[in-house]
Amino acid sequence: MPLSHALNILRFQDHAHRYPQLKDPSLVRLPNGRWAMFTTLCGSSAPLGVGRFVAPSLEGPWQELAPVAFHNLSGPELCAPALRLVPDRQRRTLRWEMYIQTSCFQRNGVIALAVSSDGRNFYGARTVASVGTLERAGAPAVGLYDAGYSRLTLGGERLDALVYSGYRTLEGPGGRLAGVGDLYLSLRRPGQDWTAGRRVLAHHELPFHNQPGYPDYEWGLEGAKLLELSPGRFLLVGVCFLERPQRFDGQRQRVFMAAA
């Protein structure tokens with residue numbers, strides 16, 4: 001059996017045509033042992049959306065469900081979700097929490113929290129990270145996107161962790177759209193507010209990643225998530241863009257790993 005293989009995903013016929021690309025998967029194990037997956041729905045002739053899928057196991061088959069409906073939350077690129085299920089003690093049930101960007105190609109995008117009781121209808125709750133929160137931490141940025149949620153232990157304390165990309169600029173060579181950004185980390189004790197973002201990996205710190213002065217520069221660091229391997233050992237997984245002697249837009253995207 002190959003180490004990597006395509007998942008068997010059963011699509012709605014109209015969605016497969018409108019949204020041929022599924023990106024940014026976020027997977028959650030359900031209480032009944034099944035799995036849920038939320039993705040970005042991407043197509044050339046339809047606005048971006050967030051799709052939902054369920055499967056009896058990670059291997060599938062995955063069945064598409066009706067897409068997420070957002071309430072009190074909007075944005076030009078409302079997608080790239082990061083999901084978790086948390087206990088709702090008042091109702092004695094489980095509540096969905098989604099950390100999601102509002103924009104990835106325009107300025108002033110934020111990372112927002114949306115909540116749901118049914119896993120389909122998500123209601124905007126509050127802004128978690130913004131250009132303002134980074135500026136207060138001394139890290140000027142023009143926009144945020146691509147949040148990744150995880151839980152980890154620091155100093156014997158269990159914390160929520162949120163890693164996301166922060167633009168320094170959206171202008172690349174020749175003035176074309178090409179985000180230049182770094183990766184930031186916010187932490188939270190349960191029930192408290194998120195800390196202001198702290199830069200954990202800068203754009204220039206990956207020697208194989210394309211740099212702003214490169215004539216065929218494509219994009220910045222994105223799609224990151226922080227994992228705890230063992231006490232005091234952490235793995236940062238993210239996406240970079242390789243340098244090449246000539247242009248290969250759409251073919252240079254790679255997964256990288258960084259340890260601390």
# chains A, B, ... in the order shown; residues from 1 in each chain; ligands from 1
>>> select_by_dssp(residues="segment 15-260 of chain A", states="strand (DSSP E or B)", output="PyMOL selection string")
chain A and resi 21-29+35-42+49-55+62-65+69-71+79-88+93-101+111-116+121-129+143-154+157-171+177-188+198-201+209+222-230+233-242+253-259
>>> closest_atom_pairs(of="segment 58-82 of chain A", to="segment 117-141 of chain A", cutoff="8 Å", atoms="only C-alpha atoms", output="CSV")
residue,atom,partner,partner_atom,distance
A:Ala66,CA,A:Arg120,CA,7.6
A:Pro67,CA,A:Arg120,CA,6.9
A:Val68,CA,A:Arg120,CA,4.8
A:Ala69,CA,A:Asn121,CA,4.9
A:Phe70,CA,A:Phe122,CA,5.0
A:His71,CA,A:Tyr123,CA,4.7
A:Asn72,CA,A:Gly124,CA,5.2
A:Leu73,CA,A:Gly124,CA,5.0
>>> residues_around(residues="segment 100-107 of chain A", least_positions_apart="2", cutoff="10 Å", atoms="only C-alpha atoms", output="PyMOL selection string")
chain A and resi 50+73-83+97-98+109-114+124+127-129+131+141-148+164-167+169-170+177-179
>>> select_by_dssp(residues="segment 120-150 of chain A", states="alpha helix (DSSP H)", output="PyMOL selection string")
chain A and resi 131-136
>>> residues_around(residues="Arg18 of chain A", least_positions_apart="2", cutoff="12 Å", atoms="only C-alpha atoms", output="PyMOL selection string")
chain A and resi 11-16+20-22+41-49
>>> residues_around(residues="Val200 of chain A", least_positions_apart="4", cutoff="9 Å", atoms="only C-alpha atoms", output="PDB file with N, CA, C and O atoms, in the first residue's frame")
ATOM      1  N   VAL A 163      -1.653  29.061  15.502  1.00  0.00           N
ATOM      2  CA  VAL A 163      -0.595  29.538  14.617  1.00  0.00           C
ATOM      3  C   VAL A 163      -1.263  30.085  13.358  1.00  0.00           C
ATOM      4  O   VAL A 163      -2.208  29.491  12.838  1.00  0.00           O
ATOM      5  N   ASP A 182       5.141  36.022   7.669  1.00  0.00           N
ATOM      6  CA  ASP A 182       5.777  35.182   8.676  1.00  0.00           C
ATOM      7  C   ASP A 182       4.700  34.397   9.420  1.00  0.00           C
ATOM      8  O   ASP A 182       3.495  34.602   9.223  1.00  0.00           O
ATOM      9  N   LEU A 183       5.131  33.508  10.300  1.00  0.00           N
ATOM     10  CA  LEU A 183       4.207  32.713  11.114  1.00  0.00           C
ATOM     11  C   LEU A 183       4.201  33.209  12.550  1.00  0.00           C
ATOM     12  O   LEU A 183       5.264  33.451  13.136  1.00  0.00           O
ATOM     13  N   TYR A 184       3.009  33.325  13.112  1.00  0.00           N
ATOM     14  CA  TYR A 184       2.820  33.860  14.456  1.00  0.00           C
ATOM     15  C   TYR A 184       2.085  32.854  15.336  1.00  0.00           C
ATOM     16  O   TYR A 184       1.304  32.032  14.842  1.00  0.00           O
ATOM     17  N   LEU A 185       2.330  32.957  16.636  1.00  0.00           N
ATOM     18  CA  LEU A 185       1.718  32.064  17.616  1.00  0.00           C
ATOM     19  C   LEU A 185       1.012  32.878  18.686  1.00  0.00           C
ATOM     20  O   LEU A 185       1.581  33.814  19.256  1.00  0.00           O
TER      21      LEU A 185
END
>>> residues_around(residues="Lys225 of chain A", least_positions_apart="2", cutoff="7 Å", atoms="only C-alpha atoms", output="NGL selection string")
:A and (148-149 or 163 or 223 or 227 or 236-238)
>>> write_last_selection(atoms="C-alpha atoms", output="CSV table (one decimal), in the first residue's frame")
chain,number,residue,atom,x,y,z
A,148,GLY,CA,-4.1,26.2,12.7
A,149,TYR,CA,-5.4,25.2,16.2
A,163,VAL,CA,-0.6,29.5,14.6
A,223,GLY,CA,-0.9,26.6,6.4
A,227,LEU,CA,2.2,19.8,17.3
A,236,LEU,CA,5.8,23.1,13.4
A,237,VAL,CA,4.3,22.0,10.1
A,238,GLY,CA,3.6,24.5,7.4
>>> atom_distance(atom1="atom CA of Leu7 of chain A", atom2="atom CA of Leu242 of chain A")
25.9 Å
>>> atom_distance(atom1="atom CA of Thr153 of chain A", atom2="atom CA of Arg34 of chain A")
26.6 Å
>>> residues_around(residues="Leu65 of chain A", least_positions_apart="3", cutoff="8 Å", atoms="only C-alpha atoms", output="list of chain:residue names")
A:Gly51, A:Arg52, A:Phe53, A:Val54
>>> write_last_selection(atoms="all heavy atoms", output="CSV table (one decimal), in the first residue's frame")
chain,number,residue,atom,x,y,z
A,51,GLY,N,-16.6,23.5,3.0
A,51,GLY,CA,-17.3,22.2,2.8
A,51,GLY,C,-17.2,21.3,4.0
A,51,GLY,O,-16.3,21.4,4.9
A,52,ARG,N,-18.2,20.4,4.1
A,52,ARG,CA,-18.2,19.4,5.2
A,52,ARG,C,-18.3,18.0,4.7
A,52,ARG,O,-19.0,17.7,3.7
A,52,ARG,CB,-19.5,19.6,6.1
A,52,ARG,CG,-19.6,21.0,6.7
A,52,ARG,CD,-20.7,21.1,7.7
A,52,ARG,NE,-22.0,20.7,7.1
A,52,ARG,CZ,-22.9,20.0,7.7
A,52,ARG,NH1,-22.8,19.6,8.9
A,52,ARG,NH2,-24.1,19.7,7.0
A,53,PHE,N,-17.6,17.1,5.3
A,53,PHE,CA,-17.5,15.7,4.9
A,53,PHE,C,-17.5,14.8,6.1
A,53,PHE,O,-17.0,15.2,7.2
A,53,PHE,CB,-16.3,15.4,4.0
A,53,PHE,CG,-16.2,16.3,2.8
A,53,PHE,CD1,-15.7,17.6,3.0
A,53,PHE,CD2,-16.7,15.9,1.6
A,53,PHE,CE1,-15.6,18.5,1.9
A,53,PHE,CE2,-16.6,16.8,0.5
A,53,PHE,CZ,-16.0,18.1,0.7
A,54,VAL,N,-18.0,13.6,6.0
A,54,VAL,CA,-18.0,12.6,7.1
A,54,VAL,C,-17.5,11.3,6.6
A,54,VAL,O,-17.7,11.0,5.4
A,54,VAL,CB,-19.3,12.5,7.9
A,54,VAL,CG1,-19.7,13.7,8.6
A,54,VAL,CG2,-20.4,12.1,6.9
>>> closest_residue(among="A:Asn32, A:Asn8, A:Gln253, A:Ser26", to="Glu59 of chain A", atoms="only C-alpha atoms")
A:Asn8
>>> closest_residue(among="A:Pro231, A:Leu10, A:Leu201, A:Asp216", to="Met257 of chain A", atoms="only C-alpha atoms")
A:Leu201
>>> closest_residue(among="A:Glu205, A:Arg151, A:Leu229, A:Gly174", to="Leu187 of chain A", atoms="only C-alpha atoms")
A:Arg151
>>> atom_distance(atom1="atom CA of Pro212 of chain A", atom2="atom CA of Gly172 of chain A")
6.8 Å
